[in-house]
>>> print(open('data.cif').read())   # mmCIF, C-alpha atoms
data_entry
loop_
_atom_site.group_PDB
_atom_site.id
_atom_site.type_symbol
_atom_site.label_atom_id
_atom_site.label_comp_id
_atom_site.auth_asym_id
_atom_site.auth_seq_id
_atom_site.Cartn_x
_atom_site.Cartn_y
_atom_site.Cartn_z
ATOM 1 C CA MET A 1 13.491 187.992 19.285
ATOM 2 C CA LEU A 2 15.246 184.714 18.562
ATOM 3 C CA ARG A 3 18.270 184.752 16.256
ATOM 4 C CA THR A 4 17.514 181.996 13.743
ATOM 5 C CA VAL A 5 19.547 181.054 10.682
ATOM 6 C CA THR A 6 16.966 182.668 8.406
ATOM 7 C CA GLY A 7 16.634 185.863 10.445
ATOM 8 C CA PRO A 8 15.055 187.181 13.638
ATOM 9 C CA VAL A 9 11.887 185.427 14.820
ATOM 10 C CA ARG A 10 9.622 186.474 17.666
ATOM 11 C CA ALA A 11 9.649 183.936 20.492
ATOM 12 C CA ALA A 12 5.878 184.348 20.754
ATOM 13 C CA SER A 13 5.517 182.998 17.194
ATOM 14 C CA ILE A 14 7.009 179.621 18.203
ATOM 15 C CA GLU A 15 3.828 177.703 18.946
ATOM 16 C CA GLY A 16 5.018 174.098 18.825
ATOM 17 C CA ALA A 17 7.702 172.035 20.510
ATOM 18 C CA VAL A 18 11.361 173.051 20.727
ATOM 19 C CA LEU A 19 14.318 170.670 20.483
ATOM 20 C CA PRO A 20 16.959 172.582 22.505
ATOM 21 C CA HIS A 21 19.947 170.258 21.941
ATOM 22 C CA GLU A 22 20.355 168.763 18.486
ATOM 23 C CA HIS A 23 22.967 168.523 15.751
ATOM 24 C CA LEU A 24 21.912 168.872 12.133
ATOM 25 C CA ARG A 25 25.377 168.735 10.578
ATOM 26 C CA THR A 26 28.631 167.695 12.302
ATOM 27 C CA ASP A 27 32.110 166.357 11.592
ATOM 28 C CA MET A 28 34.101 165.269 14.633
ATOM 29 C CA ARG A 29 35.855 162.263 13.111
ATOM 30 C CA TRP A 30 39.339 163.628 13.694
ATOM 31 C CA ALA A 31 40.744 165.271 16.778
ATOM 32 C CA VAL A 32 44.066 165.796 18.550
ATOM 33 C CA GLY A 33 45.160 163.319 21.189
ATOM 34 C CA ILE A 34 42.135 161.014 21.108
ATOM 35 C CA GLU A 35 41.226 158.022 18.994
ATOM 36 C CA SER A 36 39.570 158.928 15.695
ATOM 37 C CA ASP A 37 36.054 157.674 15.072
ATOM 38 C CA PRO A 38 34.883 157.341 11.438
ATOM 39 C CA HIS A 39 31.248 157.282 12.615
ATOM 40 C CA ARG A 40 31.439 160.574 14.512
ATOM 41 C CA TRP A 41 29.862 162.699 11.791
ATOM 42 C CA LEU A 42 26.532 163.723 10.246
ATOM 43 C CA ASP A 43 26.182 165.082 6.727
ATOM 44 C CA GLU A 44 22.745 164.081 5.427
ATOM 45 C CA GLU A 45 21.043 167.347 4.580
ATOM 46 C CA ALA A 46 18.091 165.843 2.683
ATOM 47 C CA ALA A 47 17.398 163.192 5.345
ATOM 48 C CA VAL A 48 17.629 165.698 8.208
ATOM 49 C CA THR A 49 15.358 168.132 6.373
ATOM 50 C CA ALA A 50 12.782 165.400 5.750
ATOM 51 C CA GLU A 51 12.786 164.305 9.398
ATOM 52 C CA LEU A 52 12.284 167.829 10.706
ATOM 53 C CA ARG A 53 9.563 168.512 8.138
ATOM 54 C CA GLU A 54 7.709 165.365 9.198
ATOM 55 C CA LEU A 55 8.012 166.335 12.872
ATOM 56 C CA ARG A 56 6.622 169.763 12.090
ATOM 57 C CA GLN A 57 3.651 168.160 10.383
ATOM 58 C CA SER A 58 2.994 165.317 12.825
ATOM 59 C CA GLY A 59 4.605 166.284 16.110
ATOM 60 C CA GLY A 60 4.185 170.024 16.153
ATOM 61 C CA LEU A 61 7.913 170.826 16.075
ATOM 62 C CA SER A 62 8.550 174.560 15.626
ATOM 63 C CA LEU A 63 12.226 175.118 16.531
ATOM 64 C CA ALA A 64 15.479 173.145 16.674
ATOM 65 C CA VAL A 65 18.638 174.443 18.345
ATOM 66 C CA ASP A 66 21.798 173.199 16.641
ATOM 67 C CA LEU A 67 24.600 173.058 19.229
ATOM 68 C CA THR A 68 27.352 172.469 16.667
ATOM 69 C CA CYS A 69 29.935 175.124 17.430
ATOM 70 C CA LEU A 70 33.562 175.781 16.427
ATOM 71 C CA GLY A 71 35.543 172.546 16.158
ATOM 72 C CA MET A 72 32.504 170.361 15.475
ATOM 73 C CA GLY A 73 32.087 170.751 11.724
ATOM 74 C CA ARG A 74 29.498 173.514 11.834
ATOM 75 C CA ASP A 75 28.038 174.506 8.457
ATOM 76 C CA ALA A 76 25.757 177.531 8.585
ATOM 77 C CA GLY A 77 24.766 177.185 4.937
ATOM 78 C CA THR A 78 23.470 173.679 5.546
ATOM 79 C CA LEU A 79 21.496 174.881 8.570
ATOM 80 C CA ALA A 80 19.848 177.646 6.545
ATOM 81 C CA ARG A 81 18.832 175.195 3.812
ATOM 82 C CA VAL A 82 17.469 172.693 6.351
ATOM 83 C CA ALA A 83 15.416 175.426 7.996
ATOM 84 C CA ALA A 84 14.017 176.615 4.677
ATOM 85 C CA GLY A 85 13.283 173.094 3.441
ATOM 86 C CA SER A 86 11.662 171.836 6.622
ATOM 87 C CA ARG A 87 9.951 175.093 7.629
ATOM 88 C CA VAL A 88 11.271 174.481 11.140
ATOM 89 C CA ALA A 89 13.116 177.435 12.644
ATOM 90 C CA VAL A 90 16.771 176.628 13.396
ATOM 91 C CA ILE A 91 19.159 178.394 15.760
ATOM 92 C CA ALA A 92 22.906 178.141 15.100
ATOM 93 C CA SER A 93 25.612 178.373 17.751
ATOM 94 C CA THR A 94 29.015 179.794 18.435
ATOM 95 C CA GLY A 95 31.435 178.628 21.097
ATOM 96 C CA LEU A 96 34.572 176.526 21.439
ATOM 97 C CA PHE A 97 33.992 172.803 21.860
ATOM 98 C CA ALA A 98 36.104 170.465 23.970
ATOM 99 C CA ASP A 99 39.910 170.545 23.950
ATOM 100 C CA PRO A 100 40.677 167.803 21.359
ATOM 101 C CA PHE A 101 38.581 169.627 18.772
ATOM 102 C CA THR A 102 39.738 173.208 19.294
ATOM 103 C CA THR A 103 42.504 174.996 17.393
ATOM 104 C CA VAL A 104 42.900 177.950 19.742
ATOM 105 C CA GLY A 105 46.306 176.953 21.098
ATOM 106 C CA ASP A 106 47.308 178.922 24.166
ATOM 107 C CA ALA A 107 45.075 181.936 23.482
ATOM 108 C CA ASP A 108 44.006 183.689 26.659
ATOM 109 C CA THR A 109 40.441 184.294 27.757
ATOM 110 C CA ASP A 110 40.369 187.834 26.356
ATOM 111 C CA ALA A 111 41.313 186.576 22.890
ATOM 112 C CA LEU A 112 38.809 183.714 23.087
ATOM 113 C CA THR A 113 36.053 186.044 24.223
ATOM 114 C CA GLY A 114 36.900 188.349 21.327
ATOM 115 C CA LEU A 115 36.653 185.444 18.890
ATOM 116 C CA LEU A 116 33.167 184.580 20.119
ATOM 117 C CA MET A 117 32.037 188.193 20.105
ATOM 118 C CA GLU A 118 33.229 188.581 16.512
ATOM 119 C CA GLU A 119 30.957 185.719 15.446
ATOM 120 C CA ILE A 120 28.074 187.029 17.529
ATOM 121 C CA SER A 121 28.320 190.521 16.047
ATOM 122 C CA SER A 122 29.410 189.729 12.469
ATOM 123 C CA GLY A 123 27.968 186.273 11.758
ATOM 124 C CA VAL A 124 29.554 182.851 11.393
ATOM 125 C CA ASP A 125 31.852 181.659 8.617
ATOM 126 C CA GLY A 126 31.168 184.698 6.422
ATOM 127 C CA THR A 127 27.581 183.583 5.781
ATOM 128 C CA GLY A 128 25.565 186.330 7.430
ATOM 129 C CA VAL A 129 24.042 183.758 9.776
ATOM 130 C CA PHE A 130 24.087 185.043 13.354
ATOM 131 C CA PRO A 131 24.348 182.598 16.269
ATOM 132 C CA GLY A 132 21.563 182.556 18.835
ATOM 133 C CA VAL A 133 23.301 180.475 21.489
ATOM 134 C CA ILE A 134 26.802 179.774 22.834
ATOM 135 C CA GLY A 135 27.578 176.070 23.021
ATOM 136 C CA GLU A 136 27.952 173.354 23.465
ATOM 137 C CA VAL A 137 31.067 174.158 25.482
ATOM 138 C CA GLY A 138 32.682 172.066 28.179
ATOM 139 C CA CYS A 139 35.119 169.208 28.493
ATOM 140 C CA TRP A 140 35.967 165.892 26.857
ATOM 141 C CA GLY A 141 37.521 164.129 29.855
ATOM 142 C CA ALA A 142 36.528 163.735 33.467
ATOM 143 C CA GLU A 143 37.530 167.316 34.350
ATOM 144 C CA PRO A 144 38.106 170.425 32.217
ATOM 145 C CA THR A 145 41.657 171.054 31.067
ATOM 146 C CA PRO A 146 43.141 174.552 31.498
ATOM 147 C CA ARG A 147 42.327 175.298 27.847
ATOM 148 C CA GLU A 148 38.753 174.056 28.254
ATOM 149 C CA GLU A 149 38.367 176.167 31.369
ATOM 150 C CA ARG A 150 39.495 179.246 29.429
ATOM 151 C CA CYS A 151 36.942 178.420 26.729
ATOM 152 C CA LEU A 152 34.213 178.134 29.375
ATOM 153 C CA VAL A 153 35.176 181.459 30.916
ATOM 154 C CA ALA A 154 35.148 183.022 27.443
ATOM 155 C CA ALA A 155 31.657 181.604 26.859
ATOM 156 C CA ALA A 156 30.435 183.133 30.127
ATOM 157 C CA ARG A 157 31.952 186.529 29.342
ATOM 158 C CA ALA A 158 30.565 186.505 25.799
ATOM 159 C CA SER A 159 27.158 185.630 27.223
ATOM 160 C CA LEU A 160 27.313 188.537 29.644
ATOM 161 C CA ARG A 161 28.197 190.912 26.800
ATOM 162 C CA SER A 162 25.780 189.559 24.201
ATOM 163 C CA ARG A 163 23.007 188.215 26.467
ATOM 164 C CA LEU A 164 22.982 184.929 24.533
ATOM 165 C CA PRO A 165 22.392 181.715 26.532
ATOM 166 C CA VAL A 166 25.046 179.027 27.081
ATOM 167 C CA ALA A 167 24.838 175.230 26.727
ATOM 168 C CA THR A 168 27.410 172.861 28.246
ATOM 169 C CA HIS A 169 28.733 169.384 27.492
ATOM 170 C CA GLY A 170 30.767 167.159 29.785
ATOM 171 C CA ARG A 171 30.719 164.440 32.403
ATOM 172 C CA ASN A 172 31.279 166.669 35.430
ATOM 173 C CA ALA A 173 28.273 168.878 34.831
ATOM 174 C CA LEU A 174 28.412 170.575 38.219
ATOM 175 C CA SER A 175 32.064 171.551 37.741
ATOM 176 C CA LEU A 176 31.266 173.189 34.396
ATOM 177 C CA LEU A 177 28.340 175.051 35.907
ATOM 178 C CA GLU A 178 30.517 176.259 38.771
ATOM 179 C CA ILE A 179 33.000 177.811 36.324
ATOM 180 C CA LEU A 180 30.217 179.669 34.520
ATOM 181 C CA LEU A 181 28.549 180.856 37.720
ATOM 182 C CA GLY A 182 31.974 181.972 38.953
ATOM 183 C CA GLU A 183 31.927 184.579 36.181
ATOM 184 C CA ASN A 184 28.640 185.904 37.596
ATOM 185 C CA LEU A 185 26.641 184.423 34.738
ATOM 186 C CA PRO A 186 23.025 183.935 35.875
ATOM 187 C CA GLY A 187 22.099 180.282 36.199
ATOM 188 C CA SER A 188 18.930 180.930 34.217
ATOM 189 C CA ARG A 189 21.082 181.533 31.145
ATOM 190 C CA VAL A 190 22.764 178.088 31.320
ATOM 191 C CA ALA A 191 21.535 174.748 29.959
ATOM 192 C CA VAL A 192 23.693 172.049 31.534
ATOM 193 C CA GLY A 193 23.971 168.945 29.389
ATOM 194 C CA TYR A 194 23.505 166.163 31.928
ATOM 195 C CA ALA A 195 24.472 162.572 31.113
ATOM 196 C CA GLY A 196 24.937 161.287 34.656
ATOM 197 C CA ALA A 197 22.975 158.667 36.539
ATOM 198 C CA GLU A 198 22.367 160.528 39.795
ATOM 199 C CA PRO A 199 19.106 162.448 40.202
ATOM 200 C CA ALA A 200 20.694 164.273 43.161
ATOM 201 C CA ALA A 201 23.274 165.925 40.886
ATOM 202 C CA ALA A 202 20.548 166.948 38.447
ATOM 203 C CA ARG A 203 18.631 168.411 41.370
ATOM 204 C CA LYS A 204 21.658 170.516 42.396
ATOM 205 C CA ILE A 205 21.890 171.951 38.881
ATOM 206 C CA ALA A 206 18.226 172.918 38.958
ATOM 207 C CA GLU A 207 18.446 174.345 42.476
ATOM 208 C CA ALA A 208 21.321 176.562 41.271
ATOM 209 C CA GLY A 209 18.862 178.129 38.853
ATOM 210 C CA ALA A 210 20.254 176.468 35.715
ATOM 211 C CA TYR A 211 18.426 174.169 33.322
ATOM 212 C CA VAL A 212 19.034 170.409 33.326
ATOM 213 C CA SER A 213 19.248 169.431 29.657
ATOM 214 C CA LEU A 214 18.583 165.740 28.986
ATOM 215 C CA GLY A 215 19.244 164.025 25.651
ATOM 216 C CA VAL A 216 17.370 160.769 25.136
ATOM 217 C CA LEU A 217 20.058 159.252 22.913
ATOM 218 C CA GLY A 218 22.865 160.074 25.323
ATOM 219 C CA LEU A 219 21.143 158.832 28.468
ATOM 220 C CA GLY A 220 18.813 156.204 27.120
ATOM 221 C CA PRO A 221 15.035 156.539 27.580
ATOM 222 C CA ASP A 222 14.894 154.688 30.912
ATOM 223 C CA GLN A 223 17.489 156.889 32.616
ATOM 224 C CA ALA A 224 16.205 160.064 30.974
ATOM 225 C CA ALA A 225 12.693 159.286 32.206
ATOM 226 C CA ARG A 226 13.919 158.532 35.728
ATOM 227 C CA ILE A 227 15.817 161.825 36.025
ATOM 228 C CA ALA A 228 13.031 163.838 34.394
ATOM 229 C CA LEU A 229 10.377 162.333 36.678
ATOM 230 C CA GLY A 230 12.570 162.991 39.711
ATOM 231 C CA LEU A 231 12.855 166.680 38.863
ATOM 232 C CA ILE A 232 9.145 166.945 38.148
ATOM 233 C CA GLU A 233 8.248 165.237 41.441
ATOM 234 C CA ASP A 234 10.611 167.592 43.289
ATOM 235 C CA GLY A 235 8.794 170.616 41.891
ATOM 236 C CA LEU A 236 11.640 171.502 39.525
ATOM 237 C CA ALA A 237 9.885 170.926 36.208
ATOM 238 C CA ASP A 238 10.537 174.554 35.280
ATOM 239 C CA ARG A 239 14.290 173.793 35.183
ATOM 240 C CA LEU A 240 14.043 170.830 32.780
ATOM 241 C CA LEU A 241 14.898 170.709 29.063
ATOM 242 C CA LEU A 242 14.333 167.630 26.897
ATOM 243 C CA SER A 243 15.761 166.814 23.477
ATOM 244 C CA THR A 244 16.761 163.837 21.353
ATOM 245 C CA GLY A 245 20.438 164.813 21.119
ATOM 246 C CA LEU A 246 21.093 163.307 17.695
ATOM 247 C CA SER A 247 24.666 163.812 16.468
ATOM 248 C CA ARG A 248 25.660 160.863 14.235
ATOM 249 C CA VAL A 249 24.594 159.726 10.803
ATOM 250 C CA ALA A 250 23.757 156.237 12.119
ATOM 251 C CA GLN A 251 21.171 157.771 14.457
ATOM 252 C CA THR A 252 19.047 159.139 11.601
ATOM 253 C CA ARG A 253 16.047 157.158 10.428
ATOM 254 C CA LYS A 254 17.585 156.804 6.967
ATOM 255 C CA TYR A 255 20.266 154.539 8.459
ATOM 256 C CA GLY A 256 18.026 152.664 10.870
ATOM 257 C CA GLY A 257 18.334 154.948 13.876
ATOM 258 C CA PRO A 258 15.513 156.410 15.964
ATOM 259 C CA GLY A 259 15.840 159.871 14.432
ATOM 260 C CA TYR A 260 14.907 163.251 15.848
ATOM 261 C CA ALA A 261 11.448 161.899 16.720
ATOM 262 C CA HIS A 262 12.913 159.716 19.497
ATOM 263 C CA LEU A 263 11.912 162.253 22.140
ATOM 264 C CA PHE A 264 8.307 162.298 20.910
ATOM 265 C CA HIS A 265 7.994 158.559 20.285
ATOM 266 C CA ASP A 266 9.723 157.211 23.391
ATOM 267 C CA LEU A 267 10.453 159.575 26.281
ATOM 268 C CA LEU A 268 7.303 161.693 26.223
ATOM 269 C CA PRO A 269 5.014 158.602 26.165
ATOM 270 C CA ARG A 270 6.897 157.289 29.213
ATOM 271 C CA LEU A 271 6.231 160.548 31.040
ATOM 272 C CA ARG A 272 2.558 160.435 30.110
ATOM 273 C CA ASP A 273 2.346 156.821 31.304
ATOM 274 C CA ALA A 274 3.708 158.086 34.646
ATOM 275 C CA ASP A 275 0.760 160.512 34.850
ATOM 276 C CA VAL A 276 2.675 163.625 33.833
ATOM 277 C CA GLY A 277 0.015 166.024 32.599
ATOM 278 C CA GLU A 278 -0.079 167.828 29.284
ATOM 279 C CA ASP A 279 0.526 171.172 30.978
ATOM 280 C CA THR A 280 3.870 169.859 32.268
ATOM 281 C CA ILE A 281 4.717 168.294 28.904
ATOM 282 C CA ARG A 282 4.087 171.679 27.319
ATOM 283 C CA LEU A 283 6.216 173.358 29.986
ATOM 284 C CA VAL A 284 9.294 171.210 29.378
ATOM 285 C CA THR A 285 9.041 171.010 25.580
ATOM 286 C CA HIS A 286 8.005 174.591 24.823
ATOM 287 C CA ASP A 287 7.982 177.110 27.659
ATOM 288 C CA ASN A 288 11.278 176.151 29.298
ATOM 289 C CA PRO A 289 13.473 176.158 26.177
ATOM 290 C CA LEU A 290 12.044 179.478 25.022
ATOM 291 C CA ARG A 291 12.584 180.972 28.479
ATOM 292 C CA TRP A 292 16.201 179.740 28.409
ATOM 293 C CA LEU A 293 16.828 181.106 24.919
ATOM 294 C CA THR A 294 15.467 184.530 25.836
ATOM 295 C CA SER A 295 16.682 184.648 29.459
ATOM 296 C CA GLY A 296 19.224 187.378 28.758
ATOM 297 C CA LEU A 297 16.707 189.530 26.924
ATOM 298 C CA THR A 298 14.164 189.909 29.730
#
>>> encode(input="data.cif", output="structure tokens")
Amino acid sequence: MLRTVTGPVRAASIEGAVLPHEHLRTDMRWAVGIESDPHRWLDEEAAVTAELRELRQSGGLSLAVDLTCLGMGRDAGTLARVAAGSRVAVIASTGLFADPFTTVGDADTDALTGLLMEEISSGVDGTGVFPGVIGEVGCWGAEPTPREERCLVAAARASLRSRLPVATHGRNALSLLEILLGENLPGSRVAVGYAGAEPAAARKIAEAGAYVSLGVLGLGPDQAARIALGLIEDGLADRLLLSTGLSRVAQTRKYGGPGYAHLFHDLLPRLRDADVGEDTIRLVTHDNPLRWLTSGLT
């Protein structure tokens, strides 16, 4: 069973594509110790609902995973309304985002783990919405700070207790994965957000048993296609996740951006042009994300 914002859903009932790394509502304009960005937000419920509804009708979208956790402007009520209005299942997240956006102070890993477990067992923000994933957690700078490392360890320990999967964010993807694996978290339960340029690093993530999660907007379609094709050619297609990775209002179609359909309209056609078969397309857009989301339940 998948924990969606409108209640439990059987994984077997998800017949269409899955977007495993999206943001449907965010607010990260202000943080501590970094420059504020007035464009670092997304609060367009009607526009987001319309885009997902259209993708369900035209692109076969069945599920979107919202990786907006604590510190990122998460709004479970908005997610529930978007899911109901679009008829696309939505999974909400828990977790502690990067250091500039957290308010946990010097809390130790036990306290941070307890905070996550409280949300996992009791729901988020008093709404009765239960998270189905932990993330995105990671680091804002080149390497995780001590506080970010504690948040990563807490994510791993909460995953071990709850069996929910984990998604990461950060430039040094291998370092983040190492911290999680160091807590004996199975690699199969981790989706590593990869925004690097080196296929070799992506290959190491996959060979460790984790999923390489590529966002078209973060990498650009050329680089995303190059890394995806490299993994597929190396026989590691079963460790690949693909998403659009939308997180800002300017990226929605309403404001002239490519929208959530960017994956379907740009990256997937590039893969098909490179002779990637429909069985592999189905694997990376449906089978893999569902296997990741349910990895702790099997």
>>> resolve_selection(input="data.cif", expression="the PyMOL selection byres ((chain A and resi 187-196) around 6)", output="PyMOL selection string")
chain A and resi 165-169+186+197-198+209-214+219+292+295
>>> atom_distance(input="data.cif", atom1="CA of Arg248 in chain A", atom2="CA of Gly218 in chain A")
11.5 Å
>>> residues_around(input="data.cif", residues="range 96-112 of chain A", least_positions_apart="6", cutoff="6 Å", atoms="only C-alpha atoms", output="JSON, numbers by chain")
{"A": [31, 32, 70, 71, 137, 138, 139, 140, 148, 150, 154]}
>>> closest_residue(input="data.cif", among="A:Arg40, A:Arg81, A:His286, A:Arg56", to="Ala261 in chain A", atoms="all atoms listed in the file")
A:Arg56
>>> residues_around(input="data.cif", residues="Glu118 in chain A", least_positions_apart="4", cutoff="12 Å", atoms="all atoms listed in the file", output="MDAnalysis selection string")
chainID A and resid 94:95 111:114 122:126 130:131 158 161:162
>>> resolve_selection(input="data.cif", expression="the PyMOL selection byres ((chain A and resi 224) around 12)", output="PyMOL selection string")
chain A and resi 193-199+202+212-223+225-231+240-245+262-263+266-268+270-271
>>> resolve_selection(input="data.cif", expression="the PyMOL selection byres ((chain A and resi 1-13) around 10)", output="PDB file with C-alpha atoms, keeping the file's coordinate frame")
ATOM      1  CA  ILE A  14       7.009 179.621  18.203  1.00  0.00           C
ATOM      2  CA  GLU A  15       3.828 177.703  18.946  1.00  0.00           C
ATOM      3  CA  GLY A  16       5.018 174.098  18.825  1.00  0.00           C
ATOM      4  CA  SER A  62       8.550 174.560  15.626  1.00  0.00           C
ATOM      5  CA  LEU A  63      12.226 175.118  16.531  1.00  0.00           C
ATOM      6  CA  ALA A  64      15.479 173.145  16.674  1.00  0.00           C
ATOM      7  CA  VAL A  65      18.638 174.443  18.345  1.00  0.00           C
ATOM      8  CA  ALA A  76      25.757 177.531   8.585  1.00  0.00           C
ATOM      9  CA  GLY A  77      24.766 177.185   4.937  1.00  0.00           C
ATOM     10  CA  THR A  78      23.470 173.679   5.546  1.00  0.00           C
ATOM     11  CA  LEU A  79      21.496 174.881   8.570  1.00  0.00           C
ATOM     12  CA  ALA A  80      19.848 177.646   6.545  1.00  0.00           C
ATOM     13  CA  ARG A  81      18.832 175.195   3.812  1.00  0.00           C
ATOM     14  CA  VAL A  82      17.469 172.693   6.351  1.00  0.00           C
ATOM     15  CA  ALA A  83      15.416 175.426   7.996  1.00  0.00           C
ATOM     16  CA  ALA A  84      14.017 176.615   4.677  1.00  0.00           C
ATOM     17  CA  ALA A  89      13.116 177.435  12.644  1.00  0.00           C
ATOM     18  CA  VAL A  90      16.771 176.628  13.396  1.00  0.00           C
ATOM     19  CA  ILE A  91      19.159 178.394  15.760  1.00  0.00           C
ATOM     20  CA  ALA A  92      22.906 178.141  15.100  1.00  0.00           C
ATOM     21  CA  SER A  93      25.612 178.373  17.751  1.00  0.00           C
ATOM     22  CA  GLY A 123      27.968 186.273  11.758  1.00  0.00           C
ATOM     23  CA  THR A 127      27.581 183.583   5.781  1.00  0.00           C
ATOM     24  CA  GLY A 128      25.565 186.330   7.430  1.00  0.00           C
ATOM     25  CA  VAL A 129      24.042 183.758   9.776  1.00  0.00           C
ATOM     26  CA  PHE A 130      24.087 185.043  13.354  1.00  0.00           C
ATOM     27  CA  PRO A 131      24.348 182.598  16.269  1.00  0.00           C
ATOM     28  CA  GLY A 132      21.563 182.556  18.835  1.00  0.00           C
ATOM     29  CA  VAL A 133      23.301 180.475  21.489  1.00  0.00           C
ATOM     30  CA  LEU A 164      22.982 184.929  24.533  1.00  0.00           C
ATOM     31  CA  LEU A 290      12.044 179.478  25.022  1.00  0.00           C
ATOM     32  CA  ARG A 291      12.584 180.972  28.479  1.00  0.00           C
ATOM     33  CA  LEU A 293      16.828 181.106  24.919  1.00  0.00           C
ATOM     34  CA  THR A 294      15.467 184.530  25.836  1.00  0.00           C
ATOM     35  CA  LEU A 297      16.707 189.530  26.924  1.00  0.00           C
TER      36      LEU A 297
END
>>> atom_distance(input="data.cif", atom1="CA of Pro38 in chain A", atom2="CA of Ala250 in chain A")
11.2 Å
>>> atom_distance(input="data.cif", atom1="CA of Arg163 in chain A", atom2="CA of Leu181 in chain A")
14.5 Å
